[in-house]
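A short write-up of the structure that comes next.
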Amino acid sequence: MSAQPELIWDVQAELGEGPVWDDASGCLWFVDIKGRKLHRYDPATGGKDSWDTPDQTGFALPAEDGSLVCGVRGGLHRFDPETGAFALIQRVEEDRPQNRLNDGFVAPDGTLWFGSMDDSEDTVSGALYRWRGGELTRHDDGYRVTNGPALSPDGRTMYHHDTTERRVYAFDHADGYLTNKRLFAITEDGFADGPSVDADGVLHVGLFNGWGVARFAPSGERIGKIELPVQTVTKAAFGGGDRRDLYCTTAWLGNADKRAAQPTLGGLYRVRVETPGLPQARVKL
């Protein structure tokens, strides 16, 4: 059972995304892609800080040196929280200027995985990438809107979504390589947005226009849903000292006409859950 969702920050994000817990600072980071903002929430103090980003930014993930690696449109950037400065470290998809970067994930070995997508969501020009040891590799292609990836607790299964198709795919994962792509699940009650995995291997999938977070067993069976009071849930990620706080980003993108009835669309929510999430790895630079 889960507790009732609590509104933590009525940040009014146009497209809130990418919540990630940073153990070192005890803070949660997340982005507003369309609003071009990077946000940090400190639950110990209630502190709320925001920075402007150079362009649309799909993720901001903790790195081993205390900085963040951010998926800014056109490339990976290093963000220094002390100075607020962004610095380009890797160009991405110079051959696909219509694309932007979307969701990302750090594997336990420090490898960064992330997806791209057509910013207008018209063409299937999105892809799945691995960045490791300064080398960028394209591992899958042909997505309209990518989300994820996420990794099972044993590291053997990677999940990645084709959001507009409501499809969750699974791959066999070994040593940073993917094989055996297959359909894992379909989210019939919303679009399959950002995923996270708990310690039991249960996949938690944000439901864009689905009013909550879908839960899938490692077998692919739908085993439940965490209900939220707003309809566009973009991602749920585990945080807190015991990793039992499930932080959920939301958005008003595509639902501006619903804001009168749902005034906290775009807010950051937190739900207390029974099963903890997995430790958050840091990007190896």
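Simple scheme: letters A, B, ... for chains in structure tokens order, numbers from 1 for residues in each chain, numbers from 1 for ligands in the order shown.
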Open item on the list: Residues within 12 Å of A:Glu93, please, as a PyMOL selection string. Count only C-alpha atoms; anything in the same chain fewer than 3 positions from it doesn't count.
Closed with: chain A and resi 71-76+90+96-101+115-118+125-129+136-138
For the selection you just gave me, I'd like the residues written to a file as a CSV table (one decimal), in the first residue's frame, keeping N, CA, C and O atoms.
chain,number,residue,atom,x,y,z
A,71,GLY,N,21.2,16.5,-20.3
A,71,GLY,CA,20.9,16.3,-21.7
A,71,GLY,C,20.3,17.5,-22.3
A,71,GLY,O,19.0,17.6,-22.4
A,72,VAL,N,21.1,18.4,-22.7
A,72,VAL,CA,20.6,19.7,-23.3
A,72,VAL,C,20.5,19.4,-24.8
A,72,VAL,O,21.2,18.6,-25.4
A,73,ARG,N,19.5,20.0,-25.5
A,73,ARG,CA,19.3,19.8,-26.9
A,73,ARG,C,20.6,20.1,-27.6
A,73,ARG,O,21.3,21.1,-27.5
A,74,GLY,N,21.0,19.1,-28.4
A,74,GLY,CA,22.3,19.2,-29.2
A,74,GLY,C,23.5,18.6,-28.5
A,74,GLY,O,24.5,18.4,-29.2
A,75,GLY,N,23.4,18.2,-27.2
A,75,GLY,CA,24.6,17.6,-26.6
A,75,GLY,C,24.5,17.4,-25.1
A,75,GLY,O,23.6,17.9,-24.4
A,76,LEU,N,25.5,16.8,-24.5
A,76,LEU,CA,25.6,16.6,-23.1
A,76,LEU,C,26.4,17.7,-22.5
A,76,LEU,O,27.4,18.1,-23.1
A,90,GLN,N,29.9,16.8,-24.9
A,90,GLN,CA,29.7,15.8,-25.9
A,90,GLN,C,28.5,16.3,-26.8
A,90,GLN,O,27.4,16.4,-26.4
A,96,ARG,N,20.7,15.3,-36.8
A,96,ARG,CA,19.3,15.3,-36.5
A,96,ARG,C,18.9,16.6,-35.8
A,96,ARG,O,18.5,16.5,-34.6
A,97,PRO,N,19.0,17.7,-36.4
A,97,PRO,CA,18.8,19.0,-35.7
A,97,PRO,C,17.4,19.2,-35.2
A,97,PRO,O,17.1,20.1,-34.4
A,98,GLN,N,16.4,18.4,-35.8
A,98,GLN,CA,15.0,18.5,-35.3
A,98,GLN,C,14.8,17.8,-34.0
A,98,GLN,O,13.7,18.0,-33.3
A,99,ASN,N,15.8,17.1,-33.5
A,99,ASN,CA,15.6,16.3,-32.3
A,99,ASN,C,16.1,17.1,-31.0
A,99,ASN,O,16.8,18.0,-31.1
A,100,ARG,N,15.6,16.6,-29.9
A,100,ARG,CA,16.1,17.0,-28.6
A,100,ARG,C,16.3,15.8,-27.7
A,100,ARG,O,15.8,14.7,-28.1
A,101,LEU,N,17.0,15.9,-26.6
A,101,LEU,CA,17.2,14.8,-25.7
A,101,LEU,C,16.0,14.7,-24.7
A,101,LEU,O,15.5,15.8,-24.4
A,115,GLY,N,17.8,8.8,-24.2
A,115,GLY,CA,17.1,8.8,-25.5
A,115,GLY,C,16.9,10.2,-26.1
A,115,GLY,O,17.1,11.2,-25.4
A,116,SER,N,16.6,10.2,-27.4
A,116,SER,CA,16.3,11.4,-28.1
A,116,SER,C,14.9,11.3,-28.8
A,116,SER,O,14.3,10.2,-28.8
A,117,MET,N,14.4,12.4,-29.3
A,117,MET,CA,13.1,12.4,-29.9
A,117,MET,C,13.0,13.7,-30.8
A,117,MET,O,13.7,14.7,-30.6
A,118,ASP,N,12.1,13.6,-31.8
A,118,ASP,CA,11.7,14.7,-32.6
A,118,ASP,C,11.0,15.7,-31.7
A,118,ASP,O,10.0,15.3,-31.0
A,125,SER,N,12.3,9.8,-35.4
A,125,SER,CA,13.8,10.0,-35.5
A,125,SER,C,14.5,9.9,-34.2
A,125,SER,O,15.7,10.2,-34.1
A,126,GLY,N,13.8,9.4,-33.1
A,126,GLY,CA,14.4,9.2,-31.8
A,126,GLY,C,15.2,8.0,-31.7
A,126,GLY,O,15.0,7.0,-32.4
A,127,ALA,N,16.2,8.0,-30.8
A,127,ALA,CA,17.1,6.8,-30.7
A,127,ALA,C,17.5,6.7,-29.2
A,127,ALA,O,17.3,7.5,-28.4
A,128,LEU,N,18.1,5.5,-28.9
A,128,LEU,CA,18.6,5.2,-27.6
A,128,LEU,C,20.1,5.1,-27.6
A,128,LEU,O,20.7,4.4,-28.5
A,129,TYR,N,20.8,5.9,-26.7
A,129,TYR,CA,22.2,6.0,-26.7
A,129,TYR,C,22.9,5.5,-25.4
A,129,TYR,O,22.3,5.6,-24.4
A,136,LEU,N,30.2,7.8,-27.5
A,136,LEU,CA,28.8,7.8,-27.7
A,136,LEU,C,28.4,6.7,-28.7
A,136,LEU,O,29.0,6.7,-29.8
A,137,THR,N,27.5,5.8,-28.3
A,137,THR,CA,27.1,4.7,-29.2
A,137,THR,C,25.5,4.7,-29.3
A,137,THR,O,24.8,4.8,-28.3
A,138,ARG,N,25.0,4.6,-30.5
A,138,ARG,CA,23.6,4.5,-30.7
A,138,ARG,C,23.2,3.0,-30.7
A,138,ARG,O,23.7,2.2,-31.4
Neighbouring residues of A:Ala24 were defined as those with any atom within 10 Å, considering only C-alpha atoms; residues of the same chain fewer than 3 positions away were excluded. Please report them as an mmCIF file with N, CA, C and O atoms, in the first residue's frame.
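In the end it all went to result01.cif:
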data_model
loop_
_atom_site.group_PDB
_atom_site.id
_atom_site.type_symbol
_atom_site.label_atom_id
_atom_site.label_comp_id
_atom_site.auth_asym_id
_atom_site.auth_seq_id
_atom_site.Cartn_x
_atom_site.Cartn_y
_atom_site.Cartn_z
ATOM 1 N N TRP A 21 17.239 11.442 -7.375
ATOM 2 C CA TRP A 21 17.690 11.683 -6.010
ATOM 3 C C TRP A 21 19.214 11.677 -5.955
ATOM 4 O O TRP A 21 19.862 10.775 -6.496
ATOM 5 N N CYS A 27 19.230 15.789 -1.862
ATOM 6 C CA CYS A 27 18.302 16.630 -2.613
ATOM 7 C C CYS A 27 17.760 15.894 -3.833
ATOM 8 O O CYS A 27 18.353 14.929 -4.310
ATOM 9 N N PRO A 62 23.339 13.104 -11.507
ATOM 10 C CA PRO A 62 24.547 13.318 -10.707
ATOM 11 C C PRO A 62 25.760 12.602 -11.293
ATOM 12 O O PRO A 62 25.673 11.457 -11.740
ATOM 13 N N GLY A 66 30.473 15.483 -8.369
ATOM 14 C CA GLY A 66 29.565 16.413 -7.725
ATOM 15 C C GLY A 66 28.821 17.320 -8.675
ATOM 16 O O GLY A 66 27.916 18.055 -8.263
#
Open item on the list: Let me make sure I understand: among A:Gly267, A:Gly58, A:Pro195, A:Pro5, which one has the smallest atom-to-atom distance to A:Thr163 if we use only C-alpha atoms?
Closed with: A:Pro195
- [ ] Measuring atom to atom with only C-alpha atoms, identify which of A:Ile8, A:Tyr159, A:Phe79, A:Ile186 is nearest to A:Gly46.
- [x]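 Counting only C-alpha atoms, the residue closest to A:Gly46 is A:Ile8.
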TODO: Write out as a count of residues only which residues come within 9 Å of A:Leu7 when counting only C-alpha atoms, dropping same-chain ones fewer than 3 positions away.
DONE: 6
Open item on the list: I'd like the neighbourhood of A:Asp32 as a ChimeraX atom specification, where a residue qualifies if any of its atoms comes within 6 Å (using only C-alpha atoms), though same-chain residues fewer than 4 positions away should be ignored.
Closed with: /A:13,15-16,36-37
Near stretch 218-225 of chain A, 12 Å: stretch 68-183 of chain A residue rows, closest pairs, only C-alpha atoms, as JSON lines:
{"residue": "A:Leu151", "atom": "CA", "partner": "A:Pro218", "partner_atom": "CA", "distance": 11.0}
{"residue": "A:Ser152", "atom": "CA", "partner": "A:Pro218", "partner_atom": "CA", "distance": 8.2}
{"residue": "A:Pro153", "atom": "CA", "partner": "A:Pro218", "partner_atom": "CA", "distance": 10.2}
{"residue": "A:Asp154", "atom": "CA", "partner": "A:Pro218", "partner_atom": "CA", "distance": 11.3}
{"residue": "A:Arg156", "atom": "CA", "partner": "A:Pro218", "partner_atom": "CA", "distance": 11.4}
{"residue": "A:Thr157", "atom": "CA", "partner": "A:Pro218", "partner_atom": "CA", "distance": 9.3}
{"residue": "A:Met158", "atom": "CA", "partner": "A:Pro218", "partner_atom": "CA", "distance": 11.1}
{"residue": "A:Tyr159", "atom": "CA", "partner": "A:Pro218", "partner_atom": "CA", "distance": 10.6}
{"residue": "A:Arg167", "atom": "CA", "partner": "A:Gly220", "partner_atom": "CA", "distance": 11.6}
{"residue": "A:Val168", "atom": "CA", "partner": "A:Gly220", "partner_atom": "CA", "distance": 9.3}
{"residue": "A:Tyr169", "atom": "CA", "partner": "A:Gly220", "partner_atom": "CA", "distance": 10.0}
{"residue": "A:Ala170", "atom": "CA", "partner": "A:Gly220", "partner_atom": "CA", "distance": 9.5}
{"residue": "A:Arg182", "atom": "CA", "partner": "A:Gly220", "partner_atom": "CA", "distance": 11.2}
{"residue": "A:Leu183", "atom": "CA", "partner": "A:Gly220", "partner_atom": "CA", "distance": 9.1}
Open item on the list: Taking 5 positions as the minimum chain separation for residues in the same chain, which residues sit within 12 Å of A:Val11 when counting only C-alpha atoms? Answer as a PyMOL selection string.
Closed with: chain A and resi 16+30-32+35+37-41+48-50+249-252+263-269
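In this model, the gap between atom CA of A:Val69 and atom CA of A:Asp103 comes to 12.2 Å.
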TODO: Apply DSSP to the backbone of this structure and, from stretch 5-222 of chain A, keep only the residues in strand (DSSP E or B); write these as a ChimeraX atom specification.
DONE: /A:6-9,15-22,27-32,37-42,47-52,57-63,68-72,75-80,85-91,99-106,112-118,126-132,135-143,146-151,157-162,167-174,177-186,191-198,203-208,212-216,222
Mind dumping a table of every stretch 155-209 of chain A residue within 8 Å of stretch 227-235 of chain A, with the nearest atom pair and its distance in Å to one decimal, using only C-alpha atoms, sorted by chain and rising number, as CSV?
residue,atom,partner,partner_atom,distance
A:Asp193,CA,A:Thr234,CA,5.4
A:Gly194,CA,A:Lys235,CA,4.2
A:Pro195,CA,A:Lys235,CA,6.1
A:Ser196,CA,A:Lys235,CA,7.9
A:Val205,CA,A:Lys235,CA,6.8
A:Gly206,CA,A:Lys235,CA,4.6
A:Leu207,CA,A:Val233,CA,5.3
A:Phe208,CA,A:Thr232,CA,4.3
A:Asn209,CA,A:Thr232,CA,4.6
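Atom to atom, atom CA of A:Asp189 and atom CA of A:Asp162 stand 14.9 Å apart.
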- [ ] Name all residues at most 8 Å from A:Val124 (count only C-alpha atoms; drop same-chain ones fewer than 3 positions away) and give them as JSON, numbers by chain.
- [x] {"A": [117, 118, 121, 142, 143, 144, 145]}
List as a PDB file with all heavy atoms, in the first residue's frame the protein and nucleic acid residues near A:Gly84, meaning an atom at most 9 Å away when only C-alpha atoms are counted, but skip any in the same chain fewer than 3 places from it.
ATOM      1  N   TRP A  51      17.504  27.085 -11.813  1.00  0.00           N
ATOM      2  CA  TRP A  51      18.467  27.676 -12.736  1.00  0.00           C
ATOM      3  C   TRP A  51      17.890  27.651 -14.145  1.00  0.00           C
ATOM      4  O   TRP A  51      17.169  26.717 -14.513  1.00  0.00           O
ATOM      5  CB  TRP A  51      19.775  26.883 -12.738  1.00  0.00           C
ATOM      6  CG  TRP A  51      20.573  26.920 -11.476  1.00  0.00           C
ATOM      7  CD1 TRP A  51      21.643  27.722 -11.189  1.00  0.00           C
ATOM      8  CD2 TRP A  51      20.406  26.085 -10.319  1.00  0.00           C
ATOM      9  NE1 TRP A  51      22.134  27.456  -9.938  1.00  0.00           N
ATOM     10  CE2 TRP A  51      21.393  26.448  -9.369  1.00  0.00           C
ATOM     11  CE3 TRP A  51      19.507  25.064  -9.985  1.00  0.00           C
ATOM     12  CZ2 TRP A  51      21.505  25.838  -8.135  1.00  0.00           C
ATOM     13  CZ3 TRP A  51      19.616  24.449  -8.752  1.00  0.00           C
ATOM     14  CH2 TRP A  51      20.607  24.833  -7.839  1.00  0.00           C
ATOM     15  N   ASP A  52      18.239  28.636 -14.941  1.00  0.00           N
ATOM     16  CA  ASP A  52      17.912  28.608 -16.358  1.00  0.00           C
ATOM     17  C   ASP A  52      18.854  27.646 -17.071  1.00  0.00           C
ATOM     18  O   ASP A  52      20.046  27.557 -16.729  1.00  0.00           O
ATOM     19  CB  ASP A  52      18.064  30.002 -16.978  1.00  0.00           C
ATOM     20  CG  ASP A  52      17.031  30.992 -16.456  1.00  0.00           C
ATOM     21  OD1 ASP A  52      15.898  30.563 -16.158  1.00  0.00           O
ATOM     22  OD2 ASP A  52      17.363  32.185 -16.345  1.00  0.00           O
ATOM     23  N   PHE A  79      26.999  20.498 -15.625  1.00  0.00           N
ATOM     24  CA  PHE A  79      26.467  21.615 -14.848  1.00  0.00           C
ATOM     25  C   PHE A  79      27.133  21.640 -13.490  1.00  0.00           C
ATOM     26  O   PHE A  79      27.164  20.638 -12.779  1.00  0.00           O
ATOM     27  CB  PHE A  79      24.949  21.482 -14.688  1.00  0.00           C
ATOM     28  CG  PHE A  79      24.355  22.483 -13.729  1.00  0.00           C
ATOM     29  CD1 PHE A  79      24.181  23.802 -14.106  1.00  0.00           C
ATOM     30  CD2 PHE A  79      23.968  22.094 -12.451  1.00  0.00           C
ATOM     31  CE1 PHE A  79      23.640  24.732 -13.217  1.00  0.00           C
ATOM     32  CE2 PHE A  79      23.422  23.010 -11.563  1.00  0.00           C
ATOM     33  CZ  PHE A  79      23.258  24.334 -11.948  1.00  0.00           C
ATOM     34  N   ASP A  80      27.650  22.801 -13.113  1.00  0.00           N
ATOM     35  CA  ASP A  80      28.291  22.992 -11.820  1.00  0.00           C
ATOM     36  C   ASP A  80      27.307  23.699 -10.889  1.00  0.00           C
ATOM     37  O   ASP A  80      26.998  24.884 -11.083  1.00  0.00           O
ATOM     38  CB  ASP A  80      29.553  23.843 -11.994  1.00  0.00           C
ATOM     39  CG  ASP A  80      30.318  24.019 -10.686  1.00  0.00           C
ATOM     40  OD1 ASP A  80      29.773  23.694  -9.612  1.00  0.00           O
ATOM     41  OD2 ASP A  80      31.474  24.484 -10.745  1.00  0.00           O
ATOM     42  N   PRO A  81      26.784  23.007  -9.859  1.00  0.00           N
ATOM     43  CA  PRO A  81      25.818  23.643  -8.952  1.00  0.00           C
ATOM     44  C   PRO A  81      26.379  24.831  -8.194  1.00  0.00           C
ATOM     45  O   PRO A  81      25.628  25.707  -7.762  1.00  0.00           O
ATOM     46  CB  PRO A  81      25.434  22.508  -7.987  1.00  0.00           C
ATOM     47  CG  PRO A  81      25.791  21.249  -8.700  1.00  0.00           C
ATOM     48  CD  PRO A  81      26.983  21.583  -9.525  1.00  0.00           C
TER      49      PRO A  81
END
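Counting only C-alpha atoms, the residue from A:Thr179, A:Arg132, A:Phe191, A:Asp55 that sits nearest to A:Thr146 is A:Phe191.
Atom pair atom CA of A:Thr53 / atom CA of A:Ser67 has a distance of 14.6 Å (rounded to one decimal).
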